[in-house]
>>> print(open('coords-v1.cif').read())   # mmCIF, C-alpha atoms
data_model
loop_
_atom_site.group_PDB
_atom_site.id
_atom_site.type_symbol
_atom_site.label_atom_id
_atom_site.label_comp_id
_atom_site.auth_asym_id
_atom_site.auth_seq_id
_atom_site.Cartn_x
_atom_site.Cartn_y
_atom_site.Cartn_z
ATOM 1 C CA MET A 23 164.117 294.280 277.502
ATOM 2 C CA LEU A 24 162.947 296.000 274.338
ATOM 3 C CA ASP A 25 163.806 299.626 273.663
ATOM 4 C CA GLN A 26 160.697 301.822 274.133
ATOM 5 C CA HIS A 27 161.605 304.126 271.248
ATOM 6 C CA LEU A 28 161.895 301.147 268.927
ATOM 7 C CA LEU A 29 158.555 299.822 270.195
ATOM 8 C CA ASP A 30 156.948 303.190 269.422
ATOM 9 C CA LEU A 31 158.476 303.059 265.960
ATOM 10 C CA LEU A 32 157.141 299.559 265.495
ATOM 11 C CA MET A 33 153.611 300.644 266.422
ATOM 12 C CA ARG A 34 153.835 303.670 264.173
ATOM 13 C CA SER A 35 155.157 301.563 261.301
ATOM 14 C CA LEU A 36 151.848 299.718 261.194
ATOM 15 C CA ASP A 37 150.165 303.035 260.483
ATOM 16 C CA GLY A 38 152.637 303.945 257.736
ATOM 17 C CA ASP A 39 154.142 306.974 259.367
ATOM 18 C CA LEU A 40 157.933 306.571 259.397
ATOM 19 C CA ASP A 41 160.598 308.663 257.757
ATOM 20 C CA ASP A 42 163.618 307.014 256.108
ATOM 21 C CA THR A 43 165.884 307.239 259.180
ATOM 22 C CA ASP A 44 163.280 305.672 261.487
ATOM 23 C CA ARG A 45 162.424 302.982 258.951
ATOM 24 C CA THR A 46 166.101 302.007 258.595
ATOM 25 C CA MET A 47 166.477 301.906 262.379
ATOM 26 C CA LEU A 48 163.396 299.715 262.713
ATOM 27 C CA GLU A 49 164.432 297.310 259.948
ATOM 28 C CA LYS A 50 167.838 296.922 261.592
ATOM 29 C CA ALA A 51 166.245 296.155 264.964
ATOM 30 C CA LEU A 52 163.905 293.640 263.358
ATOM 31 C CA SER A 53 166.686 291.827 261.547
ATOM 32 C CA GLU A 54 168.835 291.647 264.684
ATOM 33 C CA SER A 55 166.305 290.740 267.392
ATOM 34 C CA GLU A 56 164.098 287.666 267.534
ATOM 35 C CA GLU A 57 162.230 289.170 270.474
ATOM 36 C CA PHE A 58 161.469 292.268 268.454
ATOM 37 C CA ARG A 59 160.133 290.192 265.551
ATOM 38 C CA LYS A 60 157.864 288.376 268.019
ATOM 39 C CA GLU A 61 156.678 291.750 269.279
ATOM 40 C CA LYS A 62 155.785 292.774 265.726
ATOM 41 C CA ASN A 63 153.828 289.558 265.230
ATOM 42 C CA LYS A 64 151.967 290.201 268.485
ATOM 43 C CA LEU A 65 150.916 293.645 267.293
ATOM 44 C CA ILE A 66 149.748 292.251 263.968
ATOM 45 C CA ARG A 67 147.805 289.511 265.798
ATOM 46 C CA LEU A 68 146.269 292.140 268.094
ATOM 47 C CA ARG A 69 145.044 294.139 265.089
ATOM 48 C CA GLU A 70 143.588 291.000 263.538
ATOM 49 C CA LEU A 71 141.770 290.183 266.768
ATOM 50 C CA VAL A 72 140.349 293.671 267.163
ATOM 51 C CA GLY A 73 139.348 293.896 263.509
ATOM 52 C CA SER A 74 137.746 290.460 263.303
ATOM 53 C CA GLY A 75 134.979 291.059 265.860
ATOM 54 C CA ASP A 76 131.310 290.672 265.026
ATOM 55 C CA TYR A 77 130.208 294.236 264.447
ATOM 56 C CA GLN A 78 126.773 293.900 262.902
ATOM 57 C CA PHE A 79 123.314 295.128 263.769
ATOM 58 C CA LYS A 80 120.613 292.572 264.391
ATOM 59 C CA HIS A 81 118.548 291.364 261.451
ATOM 60 C CA GLY A 82 115.955 293.833 260.093
ATOM 61 C CA PHE A 83 117.942 296.998 260.771
ATOM 62 C CA THR A 84 116.999 298.676 257.472
ATOM 63 C CA ASN A 85 113.291 298.092 258.129
ATOM 64 C CA ARG A 86 113.580 299.466 261.659
ATOM 65 C CA VAL A 87 115.118 302.694 260.332
ATOM 66 C CA MET A 88 112.514 303.014 257.561
ATOM 67 C CA ASN A 89 109.672 302.426 260.056
ATOM 68 C CA ARG A 90 111.021 305.124 262.351
ATOM 69 C CA LEU A 91 111.325 307.493 259.418
ATOM 70 C CA THR A 92 107.765 306.815 258.279
ATOM 71 C CA LYS A 93 106.436 307.332 261.807
ATOM 72 C CA SER A 94 108.336 310.576 262.302
ATOM 73 C CA LYS A 95 107.262 311.794 258.852
ATOM 74 C CA ASN A 96 103.606 311.063 259.658
ATOM 75 C CA GLY A 97 103.971 312.813 263.004
ATOM 76 C CA LYS A 98 105.458 315.825 261.277
ATOM 77 C CA SER A 99 102.654 316.001 258.715
ATOM 78 C CA ILE A 100 99.978 315.754 261.449
ATOM 79 C CA GLU A 101 101.593 318.659 263.319
ATOM 80 C CA PHE A 102 101.907 320.559 260.095
ATOM 81 C CA ASN A 103 98.232 319.987 259.167
ATOM 82 C CA PHE A 104 97.065 321.018 262.622
ATOM 83 C CA ALA A 105 99.031 324.275 262.444
ATOM 84 C CA ARG A 106 97.753 324.948 258.920
ATOM 85 C CA ASP A 107 94.116 324.299 259.925
ATOM 86 C CA LEU A 108 94.470 326.547 262.967
ATOM 87 C CA ASN A 109 95.823 329.291 260.741
ATOM 88 C CA ARG A 110 92.903 328.917 258.352
ATOM 89 C CA ILE A 111 90.345 329.146 261.200
ATOM 90 C CA PHE A 112 91.962 332.296 262.582
ATOM 91 C CA MET A 113 92.098 333.767 259.109
ATOM 92 C CA ARG A 114 88.337 333.242 258.679
ATOM 93 C CA VAL A 115 87.571 334.696 262.114
ATOM 94 C CA ALA A 116 89.779 337.685 261.376
ATOM 95 C CA ILE A 117 88.161 338.347 257.975
ATOM 96 C CA THR A 118 84.638 338.060 259.465
ATOM 97 C CA GLY A 119 85.594 340.439 262.299
ATOM 98 C CA VAL A 120 87.054 343.039 259.951
ATOM 99 C CA ALA A 121 83.928 342.803 257.710
ATOM 100 C CA ALA A 122 81.635 343.343 260.744
ATOM 101 C CA ILE A 123 83.613 346.400 261.858
ATOM 102 C CA VAL A 124 83.514 347.889 258.342
ATOM 103 C CA LEU A 125 79.727 347.335 258.150
ATOM 104 C CA LEU A 126 79.224 348.941 261.567
ATOM 105 C CA LEU A 127 81.296 351.993 260.617
ATOM 106 C CA LEU A 128 79.426 352.266 257.310
ATOM 107 C CA SER A 129 76.022 352.128 258.988
ATOM 108 C CA ILE A 130 77.112 354.786 261.533
ATOM 109 C CA TYR A 131 78.377 357.001 258.725
ATOM 110 C CA LEU A 132 75.127 356.617 256.760
ATOM 111 C CA THR A 133 73.006 357.380 259.831
ATOM 112 C CA THR A 134 74.982 360.248 261.362
ATOM 113 C CA GLY A 135 77.014 361.549 258.433
ATOM 114 C CA SER A 136 80.332 361.089 260.247
ATOM 115 C CA VAL A 137 82.412 358.477 262.068
ATOM 116 C CA SER A 138 83.736 360.695 264.877
ATOM 117 C CA LEU A 139 84.108 359.474 268.475
ATOM 118 C CA ASP A 140 80.907 361.306 269.470
ATOM 119 C CA SER A 141 78.881 359.668 266.712
ATOM 120 C CA LEU A 142 80.298 356.269 267.644
ATOM 121 C CA SER A 143 79.328 356.752 271.316
ATOM 122 C CA GLY A 144 76.042 358.443 270.488
ATOM 123 C CA ALA A 145 76.970 361.564 272.508
ATOM 124 C CA GLU A 146 76.320 363.933 269.628
ATOM 125 C CA TYR A 147 72.556 363.637 270.116
ATOM 126 C CA TYR A 148 72.832 365.389 273.466
ATOM 127 C CA SER A 149 73.569 369.061 274.041
ATOM 128 C CA GLU A 150 75.057 370.263 277.368
ATOM 129 C CA ASP A 151 71.656 371.709 278.427
ATOM 130 C CA ASN A 152 69.931 368.401 277.768
ATOM 131 C CA VAL A 153 72.489 366.550 279.844
ATOM 132 C CA ILE A 154 72.156 369.000 282.761
ATOM 133 C CA SER A 155 68.338 368.860 282.638
ATOM 134 C CA TYR A 156 68.451 365.070 282.648
ATOM 135 C CA LEU A 157 70.703 365.123 285.699
ATOM 136 C CA LEU A 158 68.392 367.557 287.570
ATOM 137 C CA ILE A 159 65.175 365.614 287.020
ATOM 138 C CA GLU A 160 63.772 364.531 290.368
ATOM 139 C CA GLU A 161 61.993 361.275 290.639
ATOM 140 C CA MET B 17 111.141 296.708 243.504
ATOM 141 C CA LYS B 18 113.250 298.951 241.306
ATOM 142 C CA ASP B 19 116.815 297.818 240.559
ATOM 143 C CA TYR B 20 119.235 300.284 242.145
ATOM 144 C CA SER B 21 122.392 298.195 241.754
ATOM 145 C CA GLY B 22 123.856 300.521 239.118
ATOM 146 C CA PHE B 23 123.113 303.659 241.140
ATOM 147 C CA SER B 24 125.984 305.549 242.745
ATOM 148 C CA ASP B 25 125.598 307.002 246.245
ATOM 149 C CA LEU B 26 124.993 310.449 244.792
ATOM 150 C CA ASP B 27 122.305 309.040 242.462
ATOM 151 C CA LEU B 28 120.575 307.438 245.437
ATOM 152 C CA ILE B 29 120.803 310.668 247.430
ATOM 153 C CA SER B 30 119.317 312.579 244.522
ATOM 154 C CA GLN B 31 116.477 310.037 244.281
ATOM 155 C CA THR B 32 115.874 310.309 248.046
ATOM 156 C CA ARG B 33 115.648 314.095 247.768
ATOM 157 C CA LYS B 34 112.887 313.574 245.206
ATOM 158 C CA GLY B 35 110.978 311.511 247.780
ATOM 159 C CA ASP B 36 112.061 308.010 246.716
ATOM 160 C CA ASN B 37 112.273 306.175 250.060
ATOM 161 C CA GLU B 38 113.330 302.912 248.453
ATOM 162 C CA ALA B 39 116.514 304.636 247.304
ATOM 163 C CA PHE B 40 117.206 305.629 250.893
ATOM 164 C CA SER B 41 116.703 302.070 252.116
ATOM 165 C CA VAL B 42 119.329 300.970 249.564
ATOM 166 C CA LEU B 43 121.729 303.515 251.077
ATOM 167 C CA ILE B 44 121.039 302.091 254.535
ATOM 168 C CA SER B 45 121.745 298.570 253.313
ATOM 169 C CA ARG B 46 125.009 299.749 251.763
ATOM 170 C CA TYR B 47 126.315 301.517 254.850
ATOM 171 C CA LYS B 48 124.733 299.764 257.829
ATOM 172 C CA ASP B 49 127.732 297.473 258.387
ATOM 173 C CA GLN B 50 130.113 300.397 258.351
ATOM 174 C CA VAL B 51 127.962 302.343 260.815
ATOM 175 C CA ALA B 52 127.644 299.194 262.946
ATOM 176 C CA LYS B 53 131.433 298.934 263.231
ATOM 177 C CA THR B 54 131.617 302.481 264.574
ATOM 178 C CA VAL B 55 128.653 302.250 266.914
ATOM 179 C CA ILE B 56 129.170 298.715 268.241
ATOM 180 C CA GLY B 57 132.925 299.299 268.428
ATOM 181 C CA MET B 58 132.305 302.356 270.598
ATOM 182 C CA MET B 59 129.353 301.148 272.700
ATOM 183 C CA GLY B 60 129.486 297.377 272.643
ATOM 184 C CA ASN B 61 126.787 295.138 271.218
ATOM 185 C CA CYS B 62 123.878 296.566 273.223
ATOM 186 C CA MET B 63 120.325 297.805 272.567
ATOM 187 C CA GLU B 64 121.464 301.443 272.636
ATOM 188 C CA ALA B 65 123.938 300.708 269.841
ATOM 189 C CA ASP B 66 121.065 299.709 267.545
ATOM 190 C CA ASP B 67 119.198 302.918 268.477
ATOM 191 C CA VAL B 68 122.260 305.061 267.830
ATOM 192 C CA GLY B 69 122.744 303.300 264.489
ATOM 193 C CA GLN B 70 119.137 304.084 263.526
ATOM 194 C CA GLU B 71 119.504 307.666 264.703
ATOM 195 C CA THR B 72 122.605 308.051 262.507
ATOM 196 C CA PHE B 73 120.593 307.323 259.366
ATOM 197 C CA ILE B 74 117.628 309.397 260.523
ATOM 198 C CA ARG B 75 119.886 312.418 261.129
ATOM 199 C CA PHE B 76 121.402 311.914 257.693
ATOM 200 C CA TYR B 77 117.952 311.677 256.103
ATOM 201 C CA ARG B 78 116.812 314.912 257.752
ATOM 202 C CA SER B 79 119.892 316.795 256.600
ATOM 203 C CA ILE B 80 120.227 315.105 253.229
ATOM 204 C CA ASP B 81 119.828 318.424 251.402
ATOM 205 C CA LYS B 82 122.949 319.708 253.162
ATOM 206 C CA PHE B 83 125.137 316.818 251.941
ATOM 207 C CA ARG B 84 127.236 318.243 249.108
ATOM 208 C CA GLY B 85 129.358 315.173 248.435
ATOM 209 C CA ASP B 86 132.675 316.853 249.362
ATOM 210 C CA SER B 87 133.587 313.850 251.505
ATOM 211 C CA ALA B 88 132.763 310.194 250.916
ATOM 212 C CA LEU B 89 129.337 309.229 252.244
ATOM 213 C CA GLY B 90 130.917 306.489 254.396
ATOM 214 C CA SER B 91 133.134 309.007 256.209
ATOM 215 C CA TYR B 92 130.210 311.409 256.580
ATOM 216 C CA LEU B 93 128.034 308.711 258.182
ATOM 217 C CA THR B 94 130.933 307.502 260.329
ATOM 218 C CA LYS B 95 131.368 311.041 261.661
ATOM 219 C CA ILE B 96 127.668 311.277 262.570
ATOM 220 C CA ALA B 97 127.772 307.798 264.153
ATOM 221 C CA MET B 98 130.916 308.634 266.128
ATOM 222 C CA ASN B 99 129.457 311.891 267.481
ATOM 223 C CA LEU B 100 126.174 310.238 268.447
ATOM 224 C CA SER B 101 128.003 307.324 270.103
ATOM 225 C CA LEU B 102 130.190 309.689 272.106
ATOM 226 C CA ASN B 103 127.122 311.679 273.205
ATOM 227 C CA GLU B 104 125.371 308.487 274.291
ATOM 228 C CA LEU B 105 128.450 307.253 276.149
ATOM 229 C CA LYS B 106 128.779 310.578 277.978
ATOM 230 C CA LYS B 107 125.082 310.406 278.907
ATOM 231 C CA ARG B 108 125.585 306.842 280.143
ATOM 232 C CA LYS B 109 128.603 307.933 282.181
ATOM 233 C CA ARG B 110 126.621 310.783 283.771
ATOM 234 C CA ASN B 111 123.794 308.393 284.670
ATOM 235 C CA ARG B 112 126.263 305.932 286.117
ATOM 236 C CA SER B 113 127.829 308.590 288.305
ATOM 237 C CA LEU B 114 124.340 309.609 289.514
ATOM 238 C CA PHE B 115 123.581 306.012 290.489
ATOM 239 C CA SER B 116 127.040 305.167 291.748
ATOM 240 C CA ASP B 117 126.115 301.674 292.956
ATOM 241 C CA ASN B 118 125.729 300.646 289.298
ATOM 242 C CA GLN B 119 129.426 300.536 288.444
ATOM 243 C CA GLY B 120 129.306 297.489 286.220
ATOM 244 C CA ASN B 121 129.983 297.665 282.545
ATOM 245 C CA ASN B 122 126.712 297.809 280.632
ATOM 246 C CA VAL B 123 128.065 295.882 277.702
ATOM 247 C CA GLU B 124 125.557 293.316 276.659
ATOM 248 C CA ILE B 125 127.131 290.633 274.524
ATOM 249 C CA HIS B 126 124.878 288.430 272.412
ATOM 250 C CA ARG B 127 126.280 284.963 272.972
ATOM 251 C CA SER B 128 125.832 282.240 270.443
ATOM 252 C CA GLU B 129 123.947 279.163 271.579
ATOM 253 C CA THR B 130 126.076 276.878 269.440
ATOM 254 C CA LYS B 131 128.828 275.154 271.377
ATOM 255 C CA ASP B 132 131.171 274.992 268.367
ATOM 256 C CA HIS B 133 131.395 278.777 268.360
ATOM 257 C CA GLN B 134 131.821 279.110 272.110
ATOM 258 C CA ASP B 135 135.586 279.709 272.002
ATOM 259 C CA THR B 136 135.404 282.231 269.190
ATOM 260 C CA ASP B 137 132.589 284.033 270.988
ATOM 261 C CA ASP B 138 134.528 284.109 274.236
ATOM 262 C CA ILE B 139 137.519 285.618 272.495
ATOM 263 C CA GLN B 140 135.374 288.180 270.711
ATOM 264 C CA GLU B 141 133.644 289.050 273.968
ATOM 265 C CA GLU B 142 136.967 289.522 275.686
ATOM 266 C CA VAL B 143 138.296 291.701 272.883
ATOM 267 C CA GLN B 144 135.132 293.821 272.917
ATOM 268 C CA LEU B 145 135.313 294.255 276.670
ATOM 269 C CA ALA B 146 138.964 295.288 276.444
ATOM 270 C CA ILE B 147 137.988 297.925 273.860
ATOM 271 C CA GLN B 148 135.063 299.124 276.009
ATOM 272 C CA GLU B 149 137.428 299.640 278.917
ATOM 273 C CA LEU B 150 139.559 302.088 276.953
ATOM 274 C CA PRO B 151 138.900 305.788 277.625
ATOM 275 C CA PHE B 152 136.675 307.340 274.911
ATOM 276 C CA LYS B 153 139.488 309.247 273.241
ATOM 277 C CA PHE B 154 141.573 306.099 272.778
ATOM 278 C CA ARG B 155 138.570 303.975 271.885
ATOM 279 C CA SER B 156 137.565 306.272 269.030
ATOM 280 C CA VAL B 157 140.951 306.004 267.304
ATOM 281 C CA VAL B 158 141.020 302.224 267.768
ATOM 282 C CA VAL B 159 137.552 301.895 266.262
ATOM 283 C CA LEU B 160 138.310 304.047 263.239
ATOM 284 C CA ARG B 161 141.831 302.792 262.551
ATOM 285 C CA MET B 162 141.784 299.168 263.673
ATOM 286 C CA ILE B 163 138.140 298.158 263.213
ATOM 287 C CA GLU B 164 136.956 300.326 260.330
ATOM 288 C CA GLY B 165 140.359 300.356 258.643
ATOM 289 C CA TYR B 166 140.561 304.091 257.981
ATOM 290 C CA SER B 167 144.051 305.494 257.412
ATOM 291 C CA THR B 168 145.522 307.633 260.171
ATOM 292 C CA LYS B 169 144.919 310.714 257.981
ATOM 293 C CA GLU B 170 141.236 309.837 257.524
ATOM 294 C CA THR B 171 140.932 309.053 261.239
ATOM 295 C CA ALA B 172 142.391 312.475 262.045
ATOM 296 C CA GLU B 173 139.934 314.148 259.654
ATOM 297 C CA ILE B 174 136.895 312.337 261.054
ATOM 298 C CA LEU B 175 137.841 313.148 264.644
ATOM 299 C CA ASP B 176 139.075 316.675 263.837
ATOM 300 C CA LEU B 177 142.417 315.913 265.454
ATOM 301 C CA PRO B 178 146.029 316.495 264.387
ATOM 302 C CA MET B 179 147.785 313.416 262.939
ATOM 303 C CA GLY B 180 150.324 313.395 265.767
ATOM 304 C CA THR B 181 147.560 313.160 268.364
ATOM 305 C CA VAL B 182 145.942 310.249 266.520
ATOM 306 C CA LEU B 183 149.266 308.411 266.313
ATOM 307 C CA SER B 184 150.121 308.888 269.978
ATOM 308 C CA ARG B 185 146.619 307.835 271.056
ATOM 309 C CA LEU B 186 146.858 304.773 268.822
ATOM 310 C CA ALA B 187 150.183 303.806 270.321
ATOM 311 C CA ARG B 188 148.874 304.123 273.886
ATOM 312 C CA ALA B 189 145.652 302.306 273.072
ATOM 313 C CA GLN B 190 147.565 299.441 271.443
ATOM 314 C CA GLN B 191 149.851 299.152 274.432
ATOM 315 C CA ASN B 192 146.818 299.028 276.709
ATOM 316 C CA LEU B 193 145.087 296.378 274.586
ATOM 317 C CA LYS B 194 148.277 294.359 274.276
ATOM 318 C CA ASP B 195 148.567 294.225 278.075
ATOM 319 C CA LYS B 196 144.927 293.217 278.543
ATOM 320 C CA LEU B 197 144.853 290.639 275.769
ATOM 321 C CA LYS B 198 148.385 289.278 276.125
ATOM 322 C CA HIS B 199 147.111 285.720 276.718
ATOM 323 C CA LEU B 200 145.349 285.815 273.334
ATOM 324 C CA ILE B 201 148.207 287.104 271.180
#
>>> encode(input="coords-v1.cif", output="structure tokens")
Amino acid sequence: MLDQHLLDLLMRSLDGDLDDTDRTMLEKALSESEEFRKEKNKLIRLRELVGSGDYQFKHGFTNRVMNRLTKSKNGKSIEFNFARDLNRIFMRVAITGVAAIVLLLLSIYLTTGSVSLDSLSGAEYYSEDNVISYLLIEE
Amino acid sequence: MKDYSGFSDLDLISQTRKGDNEAFSVLISRYKDQVAKTVIGMMGNCMEADDVGQETFIRFYRSIDKFRGDSALGSYLTKIAMNLSLNELKKRKRNRSLFSDNQGNNVEIHRSETKDHQDTDDIQEEVQLAIQELPFKFRSVVVLRMIEGYSTKETAEILDLPMGTVLSRLARAQQNLKDKLKHLI
């Protein structure tokens, strides 16, 4: 039966993490025990097996990535153009609206001489008497 | 096609930033095998592994302006690939627990048709399955240290773990693999 501490040391030795005392202990165990040497060979074989697998993407991987990138870039630019066009349309509508309001205010000012609430609603043309007489008219 | 053979990684990144897509495809060709080791090592040789591999490069492309070159590009890509693989595996695990009748391992091994390679393929399949059966935290150290060949220090840096944790996980993972693959070693 192999000593668990020595086995841990053996595993760690493959990752280059032993201080001098541990290394000496491990070397001694390796020189004295055939079973321990076999264990070391097993660990090395295990690493070879794990490392030698076929870890490759299928043929055409680079093209697949580039195609996805091109598609996503096109998608992004379409979204971007749509947003930009929408902005432009709203900008035009807003400018036209503001121009219409300015023209309206200007025409009211030129006609009535002021841009008060009364002149905007047209109420300044009516005196209180006029309003009352209108209300009292019988059909 | 332009000859990029003399270009360093940083040169290619700089070219990509200027809009040269060919330079980026050279970067993919340089690092696809390394990314494949991480992704296929973690997920097995399945369709999702290819998708995660593609996503790794797409994420890198989108954040290429943020890459300052402090770490090697290979380690940077490996880190992205590892995180994406772990996310995908967690998603897969959640789905599997939702549909509990589907308990089988989803590893899809591409077998060779050639009879001469049958034995080698069987061994490779068995090794891959043994790796896939390891818990994620052990699998990640095995993939980085034993498949990719990173040092324990680099493995610790990529996984943001202390060295001691990496070493103890490696030891337990090796013990586990040794038990499962004892007839092959």
>>> closest_atom_pairs(input="coords-v1.cif", of="chain A", to="chain B", cutoff="7 Å", atoms="all atoms listed in the file", output="JSON lines")
{"residue": "A:Asp30", "atom": "CA", "partner": "B:Ala187", "partner_atom": "CA", "distance": 6.9}
{"residue": "A:Met33", "atom": "CA", "partner": "B:Ala187", "partner_atom": "CA", "distance": 6.1}
{"residue": "A:Arg34", "atom": "CA", "partner": "B:Leu183", "partner_atom": "CA", "distance": 6.9}
{"residue": "A:Asp37", "atom": "CA", "partner": "B:Thr168", "partner_atom": "CA", "distance": 6.5}
{"residue": "A:Lys64", "atom": "CA", "partner": "B:Ile201", "partner_atom": "CA", "distance": 5.6}
{"residue": "A:Arg67", "atom": "CA", "partner": "B:Ile201", "partner_atom": "CA", "distance": 5.9}
{"residue": "A:Leu68", "atom": "CA", "partner": "B:Ile201", "partner_atom": "CA", "distance": 6.2}
{"residue": "A:Arg69", "atom": "CA", "partner": "B:Met162", "partner_atom": "CA", "distance": 6.2}
{"residue": "A:Val72", "atom": "CA", "partner": "B:Ile163", "partner_atom": "CA", "distance": 6.4}
{"residue": "A:Gly73", "atom": "CA", "partner": "B:Ile163", "partner_atom": "CA", "distance": 4.4}
{"residue": "A:Gly75", "atom": "CA", "partner": "B:Gln140", "partner_atom": "CA", "distance": 5.7}
{"residue": "A:Tyr77", "atom": "CA", "partner": "B:Lys53", "partner_atom": "CA", "distance": 5.0}
{"residue": "A:Gln78", "atom": "CA", "partner": "B:Ala52", "partner_atom": "CA", "distance": 5.4}
{"residue": "A:Phe79", "atom": "CA", "partner": "B:Ala52", "partner_atom": "CA", "distance": 6.0}
{"residue": "A:Thr84", "atom": "CA", "partner": "B:Ile44", "partner_atom": "CA", "distance": 6.1}
{"residue": "A:Val87", "atom": "CA", "partner": "B:Gln70", "partner_atom": "CA", "distance": 5.3}
{"residue": "A:Met88", "atom": "CA", "partner": "B:Ser41", "partner_atom": "CA", "distance": 6.9}
{"residue": "A:Leu91", "atom": "CA", "partner": "B:Ile74", "partner_atom": "CA", "distance": 6.7}
>>> residues_near_point(input="coords-v1.cif", point="(127.9, 310.5, 272.0)", cutoff="12 Å", atoms="all atoms listed in the file", output="JSON, numbers by chain")
{"B": [54, 55, 58, 59, 64, 65, 68, 69, 71, 72, 95, 96, 97, 98, 99, 100, 101, 102, 103, 104, 105, 106, 107, 108, 109, 110, 152, 153, 156]}
>>> resolve_selection(input="coords-v1.cif", expression="the PyMOL selection byres ((chain A and resi 44-53) around 12)", output="tab-separated table (two decimals) with C-alpha atoms, in the frame of the given file")
chain	number	residue	atom	x	y	z
A	24	LEU	CA	162.95	296.00	274.34
A	25	ASP	CA	163.81	299.63	273.66
A	26	GLN	CA	160.70	301.82	274.13
A	27	HIS	CA	161.60	304.13	271.25
A	28	LEU	CA	161.90	301.15	268.93
A	29	LEU	CA	158.56	299.82	270.20
A	30	ASP	CA	156.95	303.19	269.42
A	31	LEU	CA	158.48	303.06	265.96
A	32	LEU	CA	157.14	299.56	265.50
A	33	MET	CA	153.61	300.64	266.42
A	34	ARG	CA	153.84	303.67	264.17
A	35	SER	CA	155.16	301.56	261.30
A	36	LEU	CA	151.85	299.72	261.19
A	38	GLY	CA	152.64	303.94	257.74
A	39	ASP	CA	154.14	306.97	259.37
A	40	LEU	CA	157.93	306.57	259.40
A	41	ASP	CA	160.60	308.66	257.76
A	42	ASP	CA	163.62	307.01	256.11
A	43	THR	CA	165.88	307.24	259.18
A	54	GLU	CA	168.84	291.65	264.68
A	55	SER	CA	166.30	290.74	267.39
A	56	GLU	CA	164.10	287.67	267.53
A	57	GLU	CA	162.23	289.17	270.47
A	58	PHE	CA	161.47	292.27	268.45
A	59	ARG	CA	160.13	290.19	265.55
A	60	LYS	CA	157.86	288.38	268.02
A	61	GLU	CA	156.68	291.75	269.28
A	62	LYS	CA	155.78	292.77	265.73
A	63	ASN	CA	153.83	289.56	265.23
>>> atom_distance(input="coords-v1.cif", atom1="CA of Phe154 (chain B)", atom2="CA of Thr94 (chain B)")
16.4 Å
>>> closest_residue(input="coords-v1.cif", among="B:Leu93, B:Ala172, B:Ile29, B:Val182", to="Ile80 (chain B)", atoms="all atoms listed in the file")
B:Ile29
>>> atom_distance(input="coords-v1.cif", atom1="CA of Thr32 (chain B)", atom2="CA of Arg75 (chain B)")
13.8 Å
